[in-house]
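Enquirer: Sharing a structure here in structure tokens format.
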Amino acid sequence: MDFTQSSLPTLTPPRAEVQDECLTHLGRERIDPFYYMRDKEDPRVLEYLRAENAYTAEVMASMHETEEQIFKEIVGRIKEDDQSYPTLRRGYYYYARTEKGKQYPSYYRVSEADFIERYGQCPTAIEGGELLFDVNALAEGHDAYIFAGYAVSPDNKLAAYFANTTGSYAEFDLHIRDLERGEDLAFTLSGVSSLAWAEDSETIYYTLIDETLRSTKAFSQRLTDAEPTLIYEEQDVRFSCSVSETKTREYIFLTTGSSTTTEEYYLTSDGSDRTPKLFLPREQDVRYSILSHREKFFIYYKDKASLNGMVYVTDKDKVQDRSAWKLFVPHRTEVRLDSIGVYASHVALEERQDGLTQIRILSIEGESCGSIHFPEPVYTISLKGNSTYEATTIRYSYSSPNRPASLYEYDMEQRESLLLKQQEVGGGFSPEDYSVERLWATAPDGVRVPMTLLYRKGLQRDGSAPALLYGYGSYGVTLDAHFSVSVLSLVDRGFVYAQAQVRGGSDLGEQWYEDGKFLKKKNTFTDFIACAETLIAEGYTSAERLMAEGGSAGGLLIGAVANSRPDLFHAMIAAVPFVDVATTMLDDSLPLTTGEYEEWGNPNDPKYFDYMLSYSPYDNISAQSYPHFLVTGGLNDSQVLFHEPTKYVAKLRRLKTDDHLLLLKMNMDSGHGGATGRYDGIRDTAFEYAFLLLTLGMK
């Protein structure tokens, strides 16, 4: 495929103005020819980005019809006019609605009495109600808009909501809306990261981020007061703090923590308390959280000896007396405790074993009250819980790669599930047309790594099918096998879609995470390579037709694998990729850096710095042939700053020896999540799929 240099973007600043940067740390020198690209105010950088975008548009112009067809396919599978199933909170049922042709949802509520009178206990459709937020109206006139949720005051009269117009998922403004008048109060705060209402409905507790986007300070403020009261400030640069309400409505909890260690405080919830009281002092590598019952406290607890977590119960006045704790759920090496919900009479546990989830219900005394699981090889259950402390029902969602999402309500007393809502899929979709399979690869150290595969029935395992292998593998994030209407556009074209549950996630327990971080990070990459090799060896695809994709820290995975085994892949997509690891981790003025020390290691320690350098994608680009590449970024990205994908593409252009496609698509209006509207997001997906098809010569 010949897209040669005639239309390639160029950036050749005068050498007198821009010199290669020599970066020195711990006696190690690195030459970075594109270091200056971190300045998005530099007109040369903006010119370069515009040139890259223009080149990308030119190359992809031949795929416009295919891209449009994929877009229409995906839209045709979703229910454009839809609504969420209503949720009861403090006397109102709340729900969201989407409308055909509109990018954003609208949010409504109906009083409990009106709801029961009009719809009964199990409605199939809801009309009208009190409009709280029309996000389409809020977003009007903005190129990007994120509505990050809302919280209604206990008296149901006010709603605090978070939003921004930058597309950043780390920086939000807080607004307060008077729901009776439908207007915002003259009260706005920037950089709010969490919020909790006091029971007086006049006082809010909130946390603010600093210049590095770390949440460092907690405040209390009556809405009628001009100034807030600082109630907590976090000094440890690894830690961030947040506030939350409790289901029992007795307390406001203040939690501060890093990725390995937590500490919790509490305040009474009446609005008068300005002094957080400590539950347990922080202890390195110990994570705990307190769950409130009106008669006692439940304590989720994990340390190095109990990585998968356990639960204790104790009297409310004996939290600090470890001898008074009673074991409620023991630690199990084969079962990871993902979440816990405490109610007046029951405790709901979401647990993970062998990469699959189940929900288990216990009485408040610890007796078994049933469990929820499915007899399929691969599926996902997610505990949604219930916001009401006295509830005897909980909700959970279920899906698998060929089964659309279903929302159920489980009666913890009757031990029965009721289907509330099932995702409707258009376009002639039938689950029976697809096969779902779990496949295991063997890593170089002998560890077995699971993959989830989705493909159309009748697949010929002769290596002729194209395949897309997706991976992440960081921060303990699990890569659950869920249903995606978008992926069907590839699978229906003969693709095998595979998700690799590599180490660095927590898919097979907390040790799975520990074995893919710090000085074991390379396990993430070799696991992914093993999965690719297995797909090829088992005849699902071939190296000439195998694609790979990952985003953010998953983009680090893609970049590292591209450097070490480019021969295994035909094309790759690195979305908002974290690829300049060493330079970013050395700059503690950048957003989120210091909190990452407990994921990648502190680069001021030579052993961690040298290890980072050994796999950092940007630092290890070499003069070799690379797969076809699409790299995306966001100019307003606050998690992975725009210059990382920009520098990566510039250096790759300089050094790679092939004539394969290398495209940079920079969103000039948004951030880490890309386009903020639902249709714009679908167009981004259609663009990526069209790129893959272009590299294969498939239209």
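Chain labels run A, B, ... following the order of the structure tokens; each chain numbers its residues from 1, and ligands are numbered from 1 in the order shown.
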Excluding Asp658 (chain A) and any residue of its chain fewer than 2 positions from it, enumerate the residues within 9 Å of it, using only C-alpha atoms, and give them as a ChimeraX atom specification.
Expert: /A:624-627,656,660-661
Enquirer: Take the residues just selected and output them with N, CA and C atoms as a PDB file, in the first residue's frame.
Expert:
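Resulting contents of selection07.pdb:
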```pdb
ATOM      1  N   GLN A 624      13.439  -0.003  12.589  1.00  0.00           N
ATOM      2  CA  GLN A 624      12.926  -1.301  12.171  1.00  0.00           C
ATOM      3  C   GLN A 624      11.568  -1.109  11.509  1.00  0.00           C
ATOM      4  N   SER A 625      11.028  -2.185  10.985  1.00  0.00           N
ATOM      5  CA  SER A 625       9.708  -2.144  10.373  1.00  0.00           C
ATOM      6  C   SER A 625       8.642  -2.284  11.453  1.00  0.00           C
ATOM      7  N   TYR A 626       7.615  -1.434  11.374  1.00  0.00           N
ATOM      8  CA  TYR A 626       6.505  -1.451  12.325  1.00  0.00           C
ATOM      9  C   TYR A 626       5.205  -1.780  11.591  1.00  0.00           C
ATOM     10  N   PRO A 627       4.193  -2.254  12.306  1.00  0.00           N
ATOM     11  CA  PRO A 627       2.878  -2.465  11.680  1.00  0.00           C
ATOM     12  C   PRO A 627       2.270  -1.133  11.237  1.00  0.00           C
ATOM     13  N   LYS A 656      11.297   4.681  11.757  1.00  0.00           N
ATOM     14  CA  LYS A 656      10.812   3.422  11.192  1.00  0.00           C
ATOM     15  C   LYS A 656      11.287   3.258   9.747  1.00  0.00           C
ATOM     16  N   HIS A 660       4.624   1.510   5.808  1.00  0.00           N
ATOM     17  CA  HIS A 660       3.281   1.254   6.319  1.00  0.00           C
ATOM     18  C   HIS A 660       2.646   2.562   6.788  1.00  0.00           C
ATOM     19  N   LEU A 661       1.340   2.544   6.874  1.00  0.00           N
ATOM     20  CA  LEU A 661       0.623   3.737   7.320  1.00  0.00           C
ATOM     21  C   LEU A 661       0.978   4.088   8.761  1.00  0.00           C
TER      22      LEU A 661
END
```
Enquirer: Skipping near chain neighbours, those fewer than 3 positions away, what residues fall within 12 Å of Thr388 (chain A) using only C-alpha atoms, listed as a CSV table (one decimal) with N, CA, C and O atoms, in the first residue's frame?
Expert:
```csv
chain,number,residue,atom,x,y,z
A,87,THR,N,-34.8,4.5,39.2
A,87,THR,CA,-34.3,4.1,40.5
A,87,THR,C,-34.9,5.0,41.6
A,87,THR,O,-35.0,6.3,41.4
A,88,LEU,N,-35.3,4.4,42.7
A,88,LEU,CA,-35.9,5.1,43.8
A,88,LEU,C,-34.9,5.7,44.8
A,88,LEU,O,-34.0,5.0,45.3
A,89,ARG,N,-35.0,7.0,45.0
A,89,ARG,CA,-34.1,7.6,46.1
A,89,ARG,C,-34.9,8.7,46.8
A,89,ARG,O,-35.4,9.6,46.2
A,90,ARG,N,-35.1,8.5,48.1
A,90,ARG,CA,-35.7,9.5,48.9
A,90,ARG,C,-37.0,10.1,48.4
A,90,ARG,O,-37.3,11.3,48.3
A,91,GLY,N,-37.9,9.2,48.0
A,91,GLY,CA,-39.3,9.6,47.6
A,91,GLY,C,-39.4,9.9,46.1
A,91,GLY,O,-40.5,10.3,45.7
A,92,TYR,N,-38.4,9.8,45.3
A,92,TYR,CA,-38.5,10.0,43.9
A,92,TYR,C,-37.9,8.9,43.1
A,92,TYR,O,-36.9,8.3,43.5
A,246,THR,N,-23.2,8.1,53.5
A,246,THR,CA,-23.4,6.7,53.9
A,246,THR,C,-24.8,6.3,53.7
A,246,THR,O,-25.7,7.2,53.7
A,247,LYS,N,-25.0,5.0,53.4
A,247,LYS,CA,-26.4,4.6,53.2
A,247,LYS,C,-27.3,4.8,54.4
A,247,LYS,O,-28.5,5.0,54.2
A,248,THR,N,-26.7,4.7,55.6
A,248,THR,CA,-27.5,4.9,56.8
A,248,THR,C,-27.8,6.4,57.1
A,248,THR,O,-28.6,6.7,58.0
A,249,ARG,N,-27.2,7.3,56.3
A,249,ARG,CA,-27.4,8.7,56.4
A,249,ARG,C,-26.9,9.3,57.7
A,249,ARG,O,-27.3,10.4,58.1
A,293,HIS,N,-23.5,0.1,59.1
A,293,HIS,CA,-24.8,-0.4,59.5
A,293,HIS,C,-25.3,0.3,60.7
A,293,HIS,O,-24.4,0.8,61.5
A,341,GLY,N,-22.0,-4.5,49.6
A,341,GLY,CA,-23.1,-3.6,50.0
A,341,GLY,C,-23.7,-4.1,51.2
A,341,GLY,O,-24.1,-5.2,51.4
A,342,VAL,N,-23.9,-3.2,52.2
A,342,VAL,CA,-24.5,-3.5,53.5
A,342,VAL,C,-25.8,-2.9,53.6
A,342,VAL,O,-26.0,-1.7,53.4
A,343,TYR,N,-26.8,-3.7,54.0
A,343,TYR,CA,-28.2,-3.2,54.2
A,343,TYR,C,-28.7,-3.6,55.6
A,343,TYR,O,-27.9,-4.3,56.3
A,344,ALA,N,-29.9,-3.2,55.9
A,344,ALA,CA,-30.4,-3.5,57.2
A,344,ALA,C,-30.3,-4.9,57.6
A,344,ALA,O,-30.0,-5.3,58.8
A,345,SER,N,-30.7,-5.8,56.7
A,345,SER,CA,-30.8,-7.2,57.0
A,345,SER,C,-29.9,-8.1,56.2
A,345,SER,O,-29.8,-9.3,56.4
A,385,GLY,N,-26.5,-2.9,43.3
A,385,GLY,CA,-27.0,-2.5,44.7
A,385,GLY,C,-28.3,-1.9,44.8
A,385,GLY,O,-29.2,-2.0,43.9
A,391,ALA,N,-33.6,-1.7,52.1
A,391,ALA,CA,-34.0,-2.5,51.0
A,391,ALA,C,-33.8,-4.0,51.2
A,391,ALA,O,-32.8,-4.4,51.9
A,392,THR,N,-34.7,-4.7,50.6
A,392,THR,CA,-34.5,-6.2,50.6
A,392,THR,C,-34.3,-6.7,49.2
A,392,THR,O,-34.3,-7.9,49.0
A,393,THR,N,-34.1,-5.8,48.3
A,393,THR,CA,-33.8,-6.1,46.9
A,393,THR,C,-32.6,-5.4,46.5
A,393,THR,O,-32.3,-4.3,46.9
A,394,ILE,N,-31.8,-6.0,45.6
A,394,ILE,CA,-30.7,-5.4,44.9
A,394,ILE,C,-30.8,-5.5,43.4
A,394,ILE,O,-31.6,-6.4,42.9
A,395,ARG,N,-30.1,-4.7,42.7
A,395,ARG,CA,-30.0,-4.9,41.2
A,395,ARG,C,-28.7,-5.3,40.8
A,395,ARG,O,-27.6,-5.0,41.4
```
Enquirer: Excluding region 77-81 of chain A and residues on its chain fewer than 6 positions from it, collect all residues at most 12 Å away from it, counting only C-alpha atoms, and give them as a PyMOL selection string.
Expert: chain A and resi 70-71+96-106+125-127+404+422-430+484-489+678-679+682
Enquirer: Using only C-alpha atoms, which of the listed residues (A:Asn563, A:Thr442, A:Thr676, A:Ser306) sits closest to Leu337 (chain A)?
Expert: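 Result for the nearest residue to Leu337 (chain A): A:Ser306.
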Enquirer: Between A:Tyr36, A:Phe298, A:Tyr597, A:Phe629, which residue has the minimum interatomic distance to Ala582 (chain A), considering only C-alpha atoms?
Expert: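 Once distances to Ala582 (chain A) are computed over only C-alpha atoms, the minimum belongs to A:Tyr597.
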Enquirer: Which is closer to Gly446 (chain A) than all the others in A:Ser382, A:Thr203, A:Thr526, A:Asn402, using only C-alpha atoms?
Expert: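 Checking each of A:Ser382, A:Thr203, A:Thr526, A:Asn402 against Gly446 (chain A), counting only C-alpha atoms, the winner is A:Thr526.
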Enquirer: Can you list every residue in region 484-688 of chain A that DSSP puts in strand (DSSP E or B), as a PyMOL selection string?
Expert: chain A and resi 496-500+503+505+546-551+571-575+628-634+662-667+671+674
Enquirer: If you keep N, CA and C atoms, can you produce a file of those selected residues as a CSV table (one decimal), in the first residue's frame?
Expert:
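Just written: again_5.csv:
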```
chain,number,residue,atom,x,y,z
A,496,VAL,N,-12.2,-12.1,14.1
A,496,VAL,CA,-12.3,-12.7,15.4
A,496,VAL,C,-11.9,-11.5,16.4
A,497,TYR,N,-12.8,-11.3,17.4
A,497,TYR,CA,-12.5,-10.3,18.4
A,497,TYR,C,-12.1,-10.9,19.7
A,498,ALA,N,-10.9,-10.6,20.2
A,498,ALA,CA,-10.3,-11.2,21.3
A,498,ALA,C,-9.9,-10.2,22.4
A,499,GLN,N,-10.2,-10.5,23.6
A,499,GLN,CA,-9.8,-9.6,24.8
A,499,GLN,C,-8.8,-10.5,25.6
A,500,ALA,N,-7.7,-9.9,25.8
A,500,ALA,CA,-6.6,-10.6,26.6
A,500,ALA,C,-6.6,-10.1,28.0
A,503,ARG,N,-1.7,-9.9,32.9
A,503,ARG,CA,-1.3,-9.5,34.2
A,503,ARG,C,-1.2,-8.0,34.2
A,505,GLY,N,-3.9,-6.4,35.3
A,505,GLY,CA,-5.3,-6.3,35.7
A,505,GLY,C,-5.5,-7.2,36.9
A,546,LEU,N,-3.5,-10.0,11.8
A,546,LEU,CA,-3.8,-9.8,13.2
A,546,LEU,C,-3.6,-8.3,13.6
A,547,MET,N,-4.6,-7.7,14.2
A,547,MET,CA,-4.5,-6.3,14.7
A,547,MET,C,-4.5,-6.3,16.2
A,548,ALA,N,-4.1,-5.2,16.7
A,548,ALA,CA,-4.1,-5.0,18.2
A,548,ALA,C,-4.5,-3.6,18.5
A,549,GLU,N,-5.2,-3.5,19.7
A,549,GLU,CA,-5.6,-2.2,20.1
A,549,GLU,C,-5.6,-2.1,21.6
A,550,GLY,N,-5.2,-0.9,22.1
A,550,GLY,CA,-5.3,-0.6,23.5
A,550,GLY,C,-5.3,0.9,23.7
A,551,GLY,N,-5.8,1.4,24.8
A,551,GLY,CA,-5.9,2.8,25.1
A,551,GLY,C,-5.4,3.2,26.4
A,571,ALA,N,-1.5,-4.5,12.0
A,571,ALA,CA,-1.9,-3.1,12.2
A,571,ALA,C,-2.2,-2.9,13.7
A,572,MET,N,-2.0,-1.7,14.2
A,572,MET,CA,-2.2,-1.4,15.6
A,572,MET,C,-2.9,-0.1,15.8
A,573,ILE,N,-3.7,0.0,16.9
A,573,ILE,CA,-4.3,1.3,17.3
A,573,ILE,C,-3.9,1.5,18.7
A,574,ALA,N,-3.3,2.7,18.9
A,574,ALA,CA,-2.9,3.1,20.2
A,574,ALA,C,-3.7,4.4,20.5
A,575,ALA,N,-4.7,4.3,21.4
A,575,ALA,CA,-5.6,5.4,21.7
A,575,ALA,C,-5.1,6.1,22.9
A,628,HIS,N,1.2,-1.2,10.5
A,628,HIS,CA,0.4,0.0,10.2
A,628,HIS,C,-0.1,0.5,11.6
A,629,PHE,N,-0.1,1.8,11.7
A,629,PHE,CA,-0.4,2.4,13.0
A,629,PHE,C,-1.3,3.6,13.0
A,630,LEU,N,-2.4,3.6,13.8
A,630,LEU,CA,-3.2,4.7,14.1
A,630,LEU,C,-3.0,5.1,15.5
A,631,VAL,N,-2.7,6.3,15.8
A,631,VAL,CA,-2.5,6.9,17.1
A,631,VAL,C,-3.4,8.0,17.3
A,632,THR,N,-4.1,8.0,18.4
A,632,THR,CA,-5.1,9.1,18.7
A,632,THR,C,-4.7,9.9,20.0
A,633,GLY,N,-5.2,11.1,20.1
A,633,GLY,CA,-4.9,11.9,21.2
A,633,GLY,C,-6.0,13.0,21.4
A,634,GLY,N,-5.9,13.7,22.5
A,634,GLY,CA,-6.8,14.8,22.7
A,634,GLY,C,-6.0,16.0,23.2
A,662,LEU,N,1.1,5.4,9.0
A,662,LEU,CA,1.3,5.9,10.4
A,662,LEU,C,0.4,7.2,10.4
A,663,LEU,N,-0.7,7.1,11.2
A,663,LEU,CA,-1.6,8.2,11.2
A,663,LEU,C,-1.8,8.7,12.6
A,664,LEU,N,-1.8,10.0,12.8
A,664,LEU,CA,-2.1,10.6,14.1
A,664,LEU,C,-3.4,11.4,13.9
A,665,LYS,N,-4.4,11.1,14.8
A,665,LYS,CA,-5.7,11.8,14.8
A,665,LYS,C,-5.8,12.4,16.1
A,666,MET,N,-5.6,13.8,16.1
A,666,MET,CA,-5.7,14.5,17.4
A,666,MET,C,-7.0,15.3,17.4
A,667,ASN,N,-7.8,15.0,18.5
A,667,ASN,CA,-9.0,15.8,18.7
A,667,ASN,C,-8.6,17.1,19.3
A,671,GLY,N,-10.7,15.7,25.3
A,671,GLY,CA,-9.6,15.1,26.1
A,671,GLY,C,-9.5,13.6,26.1
A,674,GLY,N,-12.0,11.2,24.2
A,674,GLY,CA,-12.4,11.5,22.9
A,674,GLY,C,-13.6,12.4,22.8
```
